[in-house]
>>> print(open('start.txt').read())   # compact mmCIF, C-alpha atoms and all ligand atoms
# COMPACT_ATOMS: atom_id res chain seq x y z
CA MET A 1 -6.20 -22.11 37.90
CA SER A 2 -3.85 -21.59 35.01
CA GLN A 3 -4.68 -18.69 32.80
CA LEU A 4 -3.68 -18.21 29.18
CA LYS A 5 -2.49 -14.62 28.98
CA ILE A 6 -2.87 -12.86 25.65
CA PRO A 7 -1.21 -9.44 25.41
CA ILE A 8 -2.41 -6.72 23.03
CA LEU A 9 0.85 -7.14 21.09
CA ASN A 10 3.61 -9.76 21.08
CA LEU A 11 6.70 -8.84 19.05
CA LYS A 12 8.69 -11.94 19.98
CA PRO A 13 7.42 -14.51 17.44
CA GLN A 14 8.35 -12.19 14.59
CA TYR A 15 11.86 -11.65 15.93
CA GLN A 16 12.31 -15.39 16.46
CA SER A 17 11.41 -16.04 12.82
CA ILE A 18 14.15 -13.69 11.50
CA SER A 19 16.65 -13.55 14.38
CA GLU A 20 19.65 -14.83 12.38
CA GLU A 21 19.19 -12.26 9.63
CA ILE A 22 18.72 -9.49 12.18
CA LYS A 23 21.86 -10.38 14.12
CA GLU A 24 23.82 -10.46 10.89
CA ALA A 25 22.50 -7.03 9.88
CA ILE A 26 23.34 -5.47 13.26
CA ASN A 27 26.81 -7.05 13.21
CA ARG A 28 27.47 -5.74 9.74
CA VAL A 29 26.84 -2.16 10.89
CA VAL A 30 28.80 -2.51 14.11
CA GLU A 31 31.79 -4.02 12.34
CA SER A 32 31.74 -1.39 9.57
CA ALA A 33 31.78 1.34 12.27
CA GLN A 34 29.67 3.55 9.98
CA PHE A 35 27.01 4.48 12.49
CA ILE A 36 25.73 7.81 11.18
CA MET A 37 24.17 7.80 7.71
CA GLY A 38 25.98 4.58 6.83
CA PRO A 39 25.35 2.68 3.58
CA ASP A 40 22.28 0.89 4.98
CA VAL A 41 20.39 4.20 5.29
CA LYS A 42 20.79 4.97 1.60
CA LEU A 43 20.02 1.39 0.58
CA PHE A 44 16.91 1.31 2.77
CA GLU A 45 15.71 4.63 1.31
CA GLN A 46 16.23 3.20 -2.17
CA GLU A 47 14.32 0.03 -1.32
CA ILE A 48 11.46 2.07 0.17
CA THR A 49 11.09 4.12 -3.03
CA GLU A 50 10.87 0.88 -5.02
CA TYR A 51 8.44 -0.78 -2.62
CA LEU A 52 6.08 2.21 -2.37
CA GLY A 53 6.44 3.43 -5.95
CA VAL A 54 7.62 6.96 -5.11
CA LYS A 55 10.53 9.11 -6.25
CA HIS A 56 12.18 10.13 -2.98
CA ALA A 57 12.50 8.63 0.50
CA ILE A 58 14.28 10.47 3.32
CA GLY A 59 14.98 8.58 6.53
CA VAL A 60 14.50 10.52 9.77
CA ASN A 61 14.52 9.97 13.52
CA SER A 62 10.83 9.25 14.11
CA GLY A 63 7.36 9.42 12.63
CA THR A 64 6.79 12.65 14.52
CA ASP A 65 9.87 14.21 12.93
CA ALA A 66 8.69 12.96 9.53
CA LEU A 67 5.48 14.98 10.04
CA VAL A 68 7.27 18.10 11.33
CA ILE A 69 9.96 18.08 8.63
CA GLY A 70 7.39 17.13 5.99
CA LEU A 71 5.26 20.16 6.89
CA ARG A 72 8.24 22.51 6.87
CA ALA A 73 9.54 21.04 3.60
CA LEU A 74 6.16 21.96 2.09
CA GLY A 75 6.55 25.52 3.38
CA ILE A 76 3.83 25.26 6.02
CA GLY A 77 4.38 27.26 9.20
CA GLU A 78 3.47 30.37 11.18
CA GLY A 79 -0.01 31.71 10.41
CA ASP A 80 -1.10 28.72 8.35
CA GLU A 81 -3.96 26.34 9.08
CA VAL A 82 -3.86 22.60 8.47
CA ILE A 83 -7.01 20.49 8.45
CA THR A 84 -6.78 17.15 10.21
CA THR A 85 -8.69 14.54 12.19
CA PRO A 86 -9.33 14.81 15.91
CA PHE A 87 -9.23 11.01 16.17
CA SER A 88 -5.51 10.22 16.18
CA PHE A 89 -2.41 10.03 18.32
CA PHE A 90 -1.33 13.49 19.49
CA ALA A 91 1.80 13.50 17.26
CA THR A 92 -0.52 14.37 14.35
CA ALA A 93 -1.78 17.70 15.72
CA GLU A 94 1.39 18.31 17.69
CA SER A 95 3.46 18.39 14.49
CA ILE A 96 1.17 21.06 13.04
CA SER A 97 1.34 23.17 16.20
CA ASN A 98 5.10 22.70 16.50
CA VAL A 99 5.78 24.25 13.08
CA GLY A 100 3.78 27.29 14.19
CA ALA A 101 0.62 26.43 12.24
CA THR A 102 -2.85 25.79 13.66
CA PRO A 103 -4.58 22.40 13.50
CA VAL A 104 -8.21 22.65 12.38
CA PHE A 105 -10.17 19.54 13.26
CA VAL A 106 -12.79 17.97 10.99
CA ASP A 107 -14.99 15.23 12.40
CA ILE A 108 -14.62 11.59 11.36
CA ASP A 109 -16.66 8.98 9.51
CA ALA A 110 -17.83 6.34 12.00
CA ASN A 111 -17.49 3.57 9.40
CA ASN A 112 -13.73 3.88 8.95
CA PHE A 113 -12.58 6.08 11.86
CA ASN A 114 -10.96 8.53 9.41
CA ILE A 115 -11.57 12.20 8.53
CA ASP A 116 -14.96 12.72 6.89
CA PRO A 117 -14.22 14.43 3.54
CA THR A 118 -17.77 15.75 3.23
CA LYS A 119 -17.10 17.99 6.24
CA ILE A 120 -13.76 19.42 5.08
CA LYS A 121 -14.99 22.27 2.84
CA ASP A 122 -16.79 24.04 5.70
CA LYS A 123 -13.48 24.40 7.53
CA ILE A 124 -11.41 25.86 4.70
CA THR A 125 -10.39 29.51 5.21
CA PRO A 126 -7.94 31.81 3.37
CA LYS A 127 -5.29 30.59 5.85
CA THR A 128 -5.72 26.89 5.06
CA LYS A 129 -2.55 25.51 3.49
CA GLY A 130 -2.88 21.77 3.88
CA ILE A 131 -4.81 18.66 4.83
CA MET A 132 -3.27 15.98 7.01
CA PRO A 133 -5.32 12.79 6.75
CA VAL A 134 -4.37 9.89 9.03
CA HIS A 135 -4.81 6.31 7.81
CA LEU A 136 -5.88 5.24 11.27
CA TYR A 137 -5.49 1.60 12.33
CA GLY A 138 -4.04 0.93 8.83
CA CYS A 139 -7.29 1.80 7.03
CA PRO A 140 -6.76 4.13 4.06
CA ALA A 141 -8.53 7.48 4.45
CA MET A 142 -10.98 8.50 1.71
CA MET A 143 -8.28 9.85 -0.56
CA GLY A 144 -10.47 10.33 -3.63
CA GLN A 145 -12.50 13.16 -2.16
CA ILE A 146 -9.55 14.51 -0.20
CA THR A 147 -7.48 14.73 -3.39
CA GLU A 148 -10.26 16.57 -5.24
CA ILE A 149 -10.77 19.08 -2.44
CA ALA A 150 -7.01 19.71 -2.23
CA GLN A 151 -6.78 20.29 -5.97
CA GLU A 152 -9.77 22.61 -6.02
CA HIS A 153 -8.47 24.74 -3.13
CA GLU A 154 -4.74 24.40 -3.90
CA LEU A 155 -3.95 22.71 -0.61
CA LYS A 156 -1.03 20.41 0.15
CA ILE A 157 -1.74 16.91 1.41
CA ILE A 158 0.54 15.39 4.00
CA GLU A 159 -0.46 11.82 4.83
CA ASP A 160 0.18 10.53 8.35
CA CYS A 161 1.07 6.91 7.49
CA ALA A 162 2.45 5.99 10.91
CA GLN A 163 -0.10 3.18 11.15
CA SER A 164 -0.39 2.28 7.48
CA PHE A 165 2.89 0.95 6.13
CA GLY A 166 2.05 -1.21 3.11
CA ALA A 167 -1.59 -0.06 2.92
CA ARG A 168 -3.02 0.77 -0.50
CA TYR A 169 -6.01 2.81 -1.55
CA TYR A 170 -8.41 0.86 -3.76
CA VAL A 171 -11.32 2.61 -5.37
CA THR A 172 -13.65 -0.37 -5.49
CA SER A 173 -13.49 -0.86 -1.76
CA SER A 174 -13.86 2.72 -0.70
CA SER A 175 -17.11 4.28 0.36
CA ASP A 176 -16.24 7.59 -1.32
CA ASP A 177 -16.05 6.24 -4.88
CA SER A 178 -19.41 7.51 -5.94
CA LEU A 179 -18.61 11.10 -4.97
CA CYS A 180 -15.45 11.37 -7.06
CA LYS A 181 -14.63 12.09 -10.66
CA ASP A 182 -13.45 9.08 -12.61
CA GLU A 183 -10.14 10.73 -13.59
CA THR A 184 -9.22 11.29 -9.95
CA LEU A 185 -9.98 7.73 -9.04
CA VAL A 186 -8.08 6.29 -12.00
CA THR A 187 -4.93 8.21 -11.07
CA ILE A 188 -4.89 7.14 -7.42
CA ASN A 189 -6.38 3.66 -7.56
CA GLY A 190 -4.06 1.02 -6.09
CA LYS A 191 -1.46 3.52 -4.90
CA ALA A 192 0.35 3.05 -1.60
CA THR A 193 -0.79 5.36 1.17
CA GLY A 194 1.81 8.09 1.51
CA THR A 195 2.30 8.40 -2.25
CA ILE A 196 -1.09 9.93 -3.09
CA GLY A 197 -0.59 13.31 -1.42
CA ASP A 198 2.41 15.65 -1.58
CA VAL A 199 4.21 14.08 1.39
CA GLY A 200 3.86 10.76 3.21
CA ALA A 201 5.19 10.38 6.75
CA TYR A 202 5.98 6.95 8.18
CA SER A 203 6.93 5.75 11.65
CA PHE A 204 9.12 2.74 12.43
CA PHE A 205 8.26 2.76 16.15
CA PRO A 206 8.62 -0.90 17.23
CA SER A 207 4.88 -1.60 17.46
CA LYS A 208 4.06 -0.25 13.97
CA ASN A 209 3.50 -2.62 11.03
CA LEU A 210 7.07 -2.08 9.84
CA GLY A 211 8.71 -1.57 13.22
CA GLY A 212 12.38 -1.16 14.03
CA TYR A 213 14.05 -1.93 17.34
CA GLY A 214 14.02 1.70 18.40
CA ASP A 215 12.73 4.98 16.96
CA GLY A 216 12.76 5.74 13.25
CA GLY A 217 10.75 7.43 10.51
CA MET A 218 10.61 8.21 6.80
CA ILE A 219 9.40 11.05 4.57
CA VAL A 220 8.38 10.18 1.02
CA THR A 221 7.54 12.53 -1.84
CA ASN A 222 7.55 12.75 -5.63
CA ASP A 223 8.56 16.42 -5.52
CA ASP A 224 12.29 17.11 -6.03
CA GLN A 225 12.23 20.45 -4.19
CA VAL A 226 10.33 19.07 -1.19
CA ALA A 227 12.81 16.18 -1.01
CA GLU A 228 15.76 18.58 -1.10
CA ASN A 229 14.18 20.71 1.65
CA ALA A 230 13.59 17.63 3.82
CA ARG A 231 17.14 16.34 3.33
CA MET A 232 18.47 19.71 4.39
CA LEU A 233 16.19 20.03 7.42
CA ARG A 234 17.15 16.61 8.80
CA VAL A 235 20.81 17.66 9.11
CA HIS A 236 20.62 21.09 10.79
CA GLY A 237 19.44 22.92 7.70
CA ALA A 238 22.62 22.38 5.69
CA LYS A 239 23.03 21.15 2.12
CA LYS A 240 26.78 21.37 2.53
CA LYS A 241 28.25 20.44 5.91
CA TYR A 242 28.98 23.49 8.12
CA HIS A 243 27.17 25.81 5.69
CA ASN A 244 23.81 25.89 7.45
CA GLU A 245 21.15 27.83 5.55
CA VAL A 246 18.06 27.46 7.78
CA LEU A 247 17.22 26.23 11.28
CA GLY A 248 16.86 22.47 11.01
CA TYR A 249 17.05 19.41 13.22
CA ASN A 250 19.29 16.51 14.10
CA SER A 251 16.92 13.90 12.76
CA ARG A 252 18.75 11.16 10.91
CA LEU A 253 17.55 7.59 10.66
CA ASP A 254 19.90 5.46 12.74
CA THR A 255 22.03 3.12 10.60
CA ILE A 256 21.42 0.07 12.82
CA GLN A 257 17.67 0.69 12.54
CA ALA A 258 17.96 1.01 8.75
CA ALA A 259 19.82 -2.32 8.57
CA ILE A 260 17.13 -4.01 10.70
CA LEU A 261 14.32 -2.46 8.67
CA ARG A 262 15.90 -3.64 5.41
CA VAL A 263 15.54 -7.21 6.65
CA LYS A 264 11.96 -6.64 7.80
CA LEU A 265 10.85 -4.89 4.60
CA LYS A 266 11.22 -8.20 2.73
CA TYR A 267 8.48 -9.74 4.87
CA ILE A 268 6.08 -6.83 5.23
CA ASP A 269 3.49 -7.98 2.68
CA GLN A 270 3.38 -11.44 4.25
CA TRP A 271 2.98 -9.91 7.73
CA ASN A 272 0.28 -7.48 6.61
CA GLU A 273 -1.54 -10.42 5.01
CA GLY A 274 -1.32 -12.16 8.40
CA ARG A 275 -2.92 -9.15 10.07
CA ARG A 276 -5.77 -9.19 7.53
CA ARG A 277 -6.30 -12.88 8.19
CA VAL A 278 -6.53 -12.19 11.94
CA ALA A 279 -9.04 -9.38 11.28
CA LYS A 280 -11.23 -11.59 9.08
CA THR A 281 -11.25 -14.33 11.71
CA TYR A 282 -12.25 -11.85 14.43
CA ASN A 283 -15.06 -10.49 12.25
CA GLU A 284 -16.43 -14.02 11.79
CA LEU A 285 -16.10 -14.98 15.45
CA LEU A 286 -17.66 -11.73 16.67
CA ALA A 287 -20.50 -11.56 14.16
CA ASP A 288 -23.26 -12.88 16.45
CA ILE A 289 -22.37 -10.91 19.60
CA PRO A 290 -24.80 -8.05 20.26
CA ASP A 291 -23.63 -4.48 20.98
CA ILE A 292 -20.39 -4.95 19.04
CA ILE A 293 -19.70 -3.30 15.68
CA THR A 294 -16.82 -4.95 13.85
CA PRO A 295 -14.60 -3.03 11.40
CA GLU A 296 -14.99 -3.08 7.63
CA ILE A 297 -12.22 -4.94 5.77
CA PRO A 298 -11.62 -3.00 2.54
CA ASP A 299 -8.87 -4.13 0.18
CA GLY A 300 -5.57 -2.49 1.06
CA HIS A 301 -6.32 -2.15 4.83
CA VAL A 302 -3.31 -3.42 6.82
CA PHE A 303 -4.84 -3.60 10.32
CA HIS A 304 -2.25 -1.94 12.47
CA GLN A 305 -5.05 -2.25 15.01
CA TYR A 306 -8.17 -4.37 15.05
CA THR A 307 -10.72 -2.06 16.63
CA ILE A 308 -14.32 -2.79 17.52
CA ARG A 309 -17.03 -0.47 18.83
CA ILE A 310 -18.93 -1.43 21.96
CA THR A 311 -22.26 0.31 21.76
CA ASN A 312 -23.97 -0.56 25.06
CA GLY A 313 -22.05 2.06 27.05
CA LYS A 314 -20.04 -0.58 28.93
CA ARG A 315 -16.72 -0.36 27.07
CA ASP A 316 -14.65 0.38 30.17
CA GLU A 317 -16.23 -2.50 32.12
CA VAL A 318 -15.59 -4.85 29.20
CA LYS A 319 -11.95 -3.76 29.05
CA ALA A 320 -11.57 -4.30 32.82
CA TYR A 321 -13.11 -7.77 32.57
CA LEU A 322 -10.77 -8.73 29.72
CA ALA A 323 -7.82 -7.56 31.82
CA GLU A 324 -8.98 -9.67 34.79
CA GLN A 325 -9.05 -12.68 32.49
CA GLY A 326 -5.54 -11.99 31.19
CA ILE A 327 -6.56 -10.49 27.84
CA GLY A 328 -4.88 -7.27 26.78
CA SER A 329 -6.83 -4.53 25.01
CA MET A 330 -6.32 -0.83 24.42
CA ILE A 331 -8.30 2.32 23.76
CA TYR A 332 -6.88 4.26 20.80
CA TYR A 333 -7.56 7.02 21.78
CA PRO A 334 -9.48 7.77 24.97
CA VAL A 335 -9.26 11.57 24.52
CA PRO A 336 -9.56 12.95 20.97
CA GLN A 337 -6.82 15.46 20.13
CA ASP A 338 -9.14 18.49 20.15
CA LYS A 339 -10.12 17.73 23.77
CA LEU A 340 -6.61 17.17 25.13
CA PRO A 341 -5.53 19.54 27.93
CA VAL A 342 -3.05 21.22 25.55
CA TYR A 343 -5.92 22.52 23.39
CA LYS A 344 -8.59 22.70 26.09
CA GLY A 345 -11.50 24.97 25.26
CA LYS A 346 -10.13 26.00 21.87
CA TYR A 347 -12.26 23.85 19.58
CA PRO A 348 -15.93 23.21 18.83
CA VAL A 349 -17.37 19.74 19.46
CA ASN A 350 -16.78 16.86 17.04
CA SER A 351 -19.59 14.55 18.01
CA VAL A 352 -18.65 11.42 16.03
CA SER A 353 -15.08 11.53 17.26
CA ASP A 354 -16.27 12.05 20.85
CA LEU A 355 -18.73 9.15 20.59
CA LEU A 356 -16.15 6.76 19.15
CA GLY A 357 -13.68 7.81 21.84
CA GLU A 358 -16.16 6.26 24.29
CA GLN A 359 -16.83 3.12 22.20
CA VAL A 360 -13.59 1.91 20.64
CA LEU A 361 -11.61 -1.04 21.92
CA SER A 362 -8.60 -2.52 20.14
CA LEU A 363 -8.07 -6.27 20.55
CA PRO A 364 -4.84 -8.29 20.41
CA ILE A 365 -3.42 -8.41 16.89
CA TRP A 366 -0.07 -9.33 15.35
CA PRO A 367 0.69 -11.25 12.16
CA GLU A 368 1.43 -14.58 13.89
CA LEU A 369 -1.54 -14.49 16.32
CA GLU A 370 -3.07 -17.96 16.35
CA GLN A 371 -6.73 -18.77 15.84
CA ASN A 372 -7.10 -20.55 19.20
CA SER A 373 -5.89 -17.38 20.95
CA GLN A 374 -8.43 -15.36 18.98
CA SER A 375 -11.17 -17.80 19.99
CA LYS A 376 -10.15 -17.31 23.63
CA VAL A 377 -10.30 -13.51 23.25
CA VAL A 378 -13.77 -13.74 21.74
CA GLU A 379 -15.01 -16.21 24.36
CA VAL A 380 -14.02 -13.83 27.16
CA LEU A 381 -15.48 -10.87 25.26
CA ARG A 382 -18.77 -12.78 24.95
CA GLN A 383 -18.88 -13.27 28.72
CA ALA A 384 -17.94 -9.64 29.31
CA ILE A 385 -20.69 -8.20 27.17
CA LYS A 386 -23.47 -10.22 28.83
C1 LIG B 1 3.02 6.43 16.08
C2 LIG B 1 2.31 7.56 15.46
C3 LIG B 1 2.96 8.77 15.17
C4 LIG B 1 4.34 9.11 15.66
O1 LIG B 1 5.35 8.24 15.30
P1 LIG B 1 6.67 8.17 16.19
O2 LIG B 1 7.61 7.37 15.37
O3 LIG B 1 6.32 7.52 17.49
O4 LIG B 1 7.16 9.57 16.39
C5 LIG B 1 2.26 9.74 14.48
N1 LIG B 1 0.99 9.56 14.10
C6 LIG B 1 0.33 8.42 14.38
C7 LIG B 1 -1.08 8.25 13.90
C8 LIG B 1 0.95 7.39 15.08
O5 LIG B 1 0.28 6.26 15.34
>>> encode(input="start.txt", output="structure tokens")
Amino acid sequence: MSQLKIPILNLKPQYQSISEEIKEAINRVVESAQFIMGPDVKLFEQEITEYLGVKHAIGVNSGTDALVIGLRALGIGEGDEVITTPFSFFATAESISNVGATPVFVDIDANNFNIDPTKIKDKITPKTKGIMPVHLYGCPAMMGQITEIAQEHELKIIEDCAQSFGARYYVTSSSDDSLCKDETLVTINGKATGTIGDVGAYSFFPSKNLGGYGDGGMIVTNDDQVAENARMLRVHGAKKKYHNEVLGYNSRLDTIQAAILRVKLKYIDQWNEGRRRVAKTYNELLADIPDIITPEIPDGHVFHQYTIRITNGKRDEVKAYLAEQGIGSMIYYPVPQDKLPVYKGKYPVNSVSDLLGEQVLSLPIWPELEQNSQSKVVEVLRQAIK
């Protein structure tokens, strides 16, 4: 019996659609022999500032480095606390711990998988210096309330945008509108994620919405001093070569990656629109299946992942059945950050995050995914849930 295999992610159709441009870009860098901080890095940074509507963009080695350097550029370190979500990839909390600060976890909102702003205030102490929201799966966090809390308590916001390149926060579509002051909402409405807080940190890991062909990351900020700090930290803590002022990193964005990403940036809106189309189709096809909760589709959500909740307690069996039938799926993330071995026993329970850790299942999604493949995924899912 022939079986149509559908992976969780297929990067090949996208490459095929732009392969000539990509080869040209790579060749240009190789032939110029300017491999480290070549012209494409500066040009890409410039294009990012224009695309996102932000003053500074600083290319770095990875999304993780963007978080670490972003935190340090804001002056966050030893003895400080940073509030974040337990429901994310470990790089989020790891970056906070690695600068010597302590992650403080606030439970999530089950409707959008992101930090629940109504629970933040209880966790603020005199040591709290920042909030690190994650726009998980490409869904903007509730930035209205987060912005107000940060202003009131003089906290820095560093947005983990690893999964949200091209996402925008729209007031009308957000469930936290009613709790915010109009002025706050007016100033942030329609802004790109990453440009609302003090620092935005992006990842260009190949599977991300704007993915390179290797590691890469970007820090964005409107603050001149923070930008200067970040630029210094990415090259061993030196403003002037061989005059190192602080302990930094070797964390430059690779020039070949920058050249590739410049090509891909031109298509990102079209690709994100493709992801939204896939999400809408799934929501329609899945609507009548019991024990499945489909995600909300607010404006500005870019669906890095399409993630459903399976509420009958059989998520792992469903995933195994899909795999048997050749359908890829993933659990992002099976163990919330606060329960990982590295932090074991250190944190109180976050019950929503724990529950969703047992329910979530991400289905195949990429911009070019065809409707007949989606129908196949849903057909198998229907059998699995019975
Ligand atoms: C991918 C990811 C990161 C880390 O990005 P890298 O480029 O792999 O270092 C950080 N946070 C989240 C939420 C991610 O998904």
>>> closest_residue(input="start.txt", among="A:Thr294, A:Thr92, A:Thr102, A:Asn114", to="Gly70 of chain A", atoms="all atoms listed in the file")
A:Thr92
>>> residues_near_ligand(input="start.txt", ligand="ligand LIG 1 (chain B)", cutoff="7 Å", atoms="all atoms listed in the file", output="VMD selection string")
chain A and resid 62 to 65 88 to 89 91 to 92 134 136 160 to 163 203 to 205 215 to 217
>>> closest_residue(input="start.txt", among="A:Thr184, A:Pro103, A:Asp316, A:Ile260", to="Glu21 of chain A", atoms="all atoms listed in the file")
A:Ile260
>>> residues_near_point(input="start.txt", point="(-9.5, 18.8, 22.0)", cutoff="12 Å", atoms="only C-alpha atoms", output="MDAnalysis selection string")
chainID A and resid 85:90 93:94 103:107 333:351 353:354 357
>>> residues_around(input="start.txt", residues="Ser251 of chain A", least_positions_apart="6", cutoff="7 Å", atoms="only C-alpha atoms", output="ChimeraX atom specification")
/A:60-61,234-235
>>> closest_residue(input="start.txt", among="A:Lys156, A:Arg28, A:Lys12, A:Lys127", to="Ala259 of chain A", atoms="only C-alpha atoms")
A:Arg28
>>> residues_around(input="start.txt", residues="Val186 of chain A", least_positions_apart="5", cutoff="10 Å", atoms="all atoms listed in the file", output="compact mmCIF listing (two decimals) with C-alpha atoms, keeping the file's coordinate frame")
# COMPACT_ATOMS: atom_id res chain seq x y z
CA GLY A 144 -10.47 10.33 -3.63
CA TYR A 170 -8.41 0.86 -3.76
CA VAL A 171 -11.32 2.61 -5.37
CA LYS A 181 -14.63 12.09 -10.66
>>> closest_residue(input="start.txt", among="A:His243, A:Val220, A:Gly212, A:Leu381", to="Ile292 of chain A", atoms="all atoms listed in the file")
A:Leu381
>>> residues_around(input="start.txt", residues="Met143 of chain A", least_positions_apart="2", cutoff="9 Å", atoms="only C-alpha atoms", output="list of chain:residue names")
A:Pro117, A:Pro133, A:Pro140, A:Ala141, A:Gln145, A:Ile146, A:Thr147, A:Glu148, A:Tyr169, A:Asp176, A:Leu185, A:Ile188, A:Thr193, A:Ile196, A:Gly197
>>> residues_near_point(input="start.txt", point="(-15.7, -2.4, 4.5)", cutoff="12 Å", atoms="only C-alpha atoms", output="ChimeraX atom specification")
/A:110-113,139-140,170-176,279-280,283,293-301
>>> residues_around(input="start.txt", residues="Leu265 of chain A", least_positions_apart="5", cutoff="12 Å", atoms="only C-alpha atoms", output="PyMOL selection string")
chain A and resi 18+22+43-52+165-166+204+209-212+257-260+270-272
>>> atom_distance(input="start.txt", atom1="atom CA of Ile76 of chain A", atom2="atom CA of His135 of chain A")
20.9 Å
>>> closest_residue(input="start.txt", among="A:Pro367, A:Pro290, A:Pro39, A:Gly130", to="Ser207 of chain A", atoms="only C-alpha atoms")
A:Pro367
>>> closest_residue(input="start.txt", among="A:Ile256, A:Leu67, A:Ala192, A:Gly328", to="Glu24 of chain A", atoms="all atoms listed in the file")
A:Ile256
>>> atom_distance(input="start.txt", atom1="atom CA of Pro7 of chain A", atom2="atom CA of Tyr267 of chain A")
22.7 Å
>>> build_atoms(input="start.txt", residues="segment 8-28 of chain A", atoms="N, CA and C atoms", output="mmCIF file, in the coordinates of the input")
data_model
loop_
_atom_site.group_PDB
_atom_site.id
_atom_site.type_symbol
_atom_site.label_atom_id
_atom_site.label_comp_id
_atom_site.auth_asym_id
_atom_site.auth_seq_id
_atom_site.Cartn_x
_atom_site.Cartn_y
_atom_site.Cartn_z
ATOM 1 N N ILE A 8 -1.895 -7.447 24.199
ATOM 2 C CA ILE A 8 -2.410 -6.720 23.030
ATOM 3 C C ILE A 8 -1.457 -6.866 21.849
ATOM 4 N N LEU A 9 -0.153 -7.002 22.157
ATOM 5 C CA LEU A 9 0.850 -7.140 21.090
ATOM 6 C C LEU A 9 1.996 -8.004 21.583
ATOM 7 N N ASN A 10 2.449 -8.930 20.744
ATOM 8 C CA ASN A 10 3.610 -9.760 21.080
ATOM 9 C C ASN A 10 4.591 -9.702 19.904
ATOM 10 N N LEU A 11 5.723 -9.017 20.130
ATOM 11 C CA LEU A 11 6.700 -8.840 19.050
ATOM 12 C C LEU A 11 7.694 -9.996 18.955
ATOM 13 N N LYS A 12 7.652 -10.897 19.925
ATOM 14 C CA LYS A 12 8.690 -11.940 19.980
ATOM 15 C C LYS A 12 8.617 -12.977 18.849
ATOM 16 N N PRO A 13 7.445 -13.489 18.495
ATOM 17 C CA PRO A 13 7.420 -14.510 17.440
ATOM 18 C C PRO A 13 8.027 -14.011 16.128
ATOM 19 N N GLN A 14 7.803 -12.735 15.832
ATOM 20 C CA GLN A 14 8.350 -12.190 14.590
ATOM 21 C C GLN A 14 9.880 -12.138 14.659
ATOM 22 N N TYR A 15 10.396 -11.691 15.789
ATOM 23 C CA TYR A 15 11.860 -11.650 15.930
ATOM 24 C C TYR A 15 12.427 -13.067 15.825
ATOM 25 N N GLN A 16 11.797 -14.021 16.490
ATOM 26 C CA GLN A 16 12.310 -15.390 16.460
ATOM 27 C C GLN A 16 12.387 -15.923 15.017
ATOM 28 N N SER A 17 11.442 -15.515 14.184
ATOM 29 C CA SER A 17 11.410 -16.040 12.820
ATOM 30 C C SER A 17 12.512 -15.460 11.919
ATOM 31 N N ILE A 18 13.127 -14.338 12.345
ATOM 32 C CA ILE A 18 14.150 -13.690 11.500
ATOM 33 C C ILE A 18 15.418 -13.370 12.290
ATOM 34 N N SER A 19 15.592 -13.979 13.456
ATOM 35 C CA SER A 19 16.650 -13.550 14.380
ATOM 36 C C SER A 19 18.051 -13.649 13.760
ATOM 37 N N GLU A 20 18.294 -14.688 12.964
ATOM 38 C CA GLU A 20 19.650 -14.830 12.380
ATOM 39 C C GLU A 20 19.956 -13.683 11.428
ATOM 40 N N GLU A 21 18.991 -13.369 10.575
ATOM 41 C CA GLU A 21 19.190 -12.260 9.630
ATOM 42 C C GLU A 21 19.387 -10.933 10.345
ATOM 43 N N ILE A 22 18.626 -10.750 11.426
ATOM 44 C CA ILE A 22 18.720 -9.490 12.180
ATOM 45 C C ILE A 22 20.094 -9.355 12.829
ATOM 46 N N LYS A 23 20.546 -10.432 13.455
ATOM 47 C CA LYS A 23 21.860 -10.380 14.120
ATOM 48 C C LYS A 23 22.967 -10.076 13.115
ATOM 49 N N GLU A 24 22.848 -10.703 11.951
ATOM 50 C CA GLU A 24 23.820 -10.460 10.890
ATOM 51 C C GLU A 24 23.828 -8.989 10.460
ATOM 52 N N ALA A 25 22.622 -8.429 10.318
ATOM 53 C CA ALA A 25 22.500 -7.030 9.880
ATOM 54 C C ALA A 25 23.105 -6.091 10.922
ATOM 55 N N ILE A 26 22.797 -6.338 12.190
ATOM 56 C CA ILE A 26 23.340 -5.470 13.260
ATOM 57 C C ILE A 26 24.867 -5.594 13.286
ATOM 58 N N ASN A 27 25.357 -6.833 13.212
ATOM 59 C CA ASN A 27 26.810 -7.050 13.210
ATOM 60 C C ASN A 27 27.511 -6.331 12.079
ATOM 61 N N ARG A 28 26.871 -6.362 10.916
ATOM 62 C CA ARG A 28 27.470 -5.740 9.740
ATOM 63 C C ARG A 28 27.703 -4.249 10.005
#
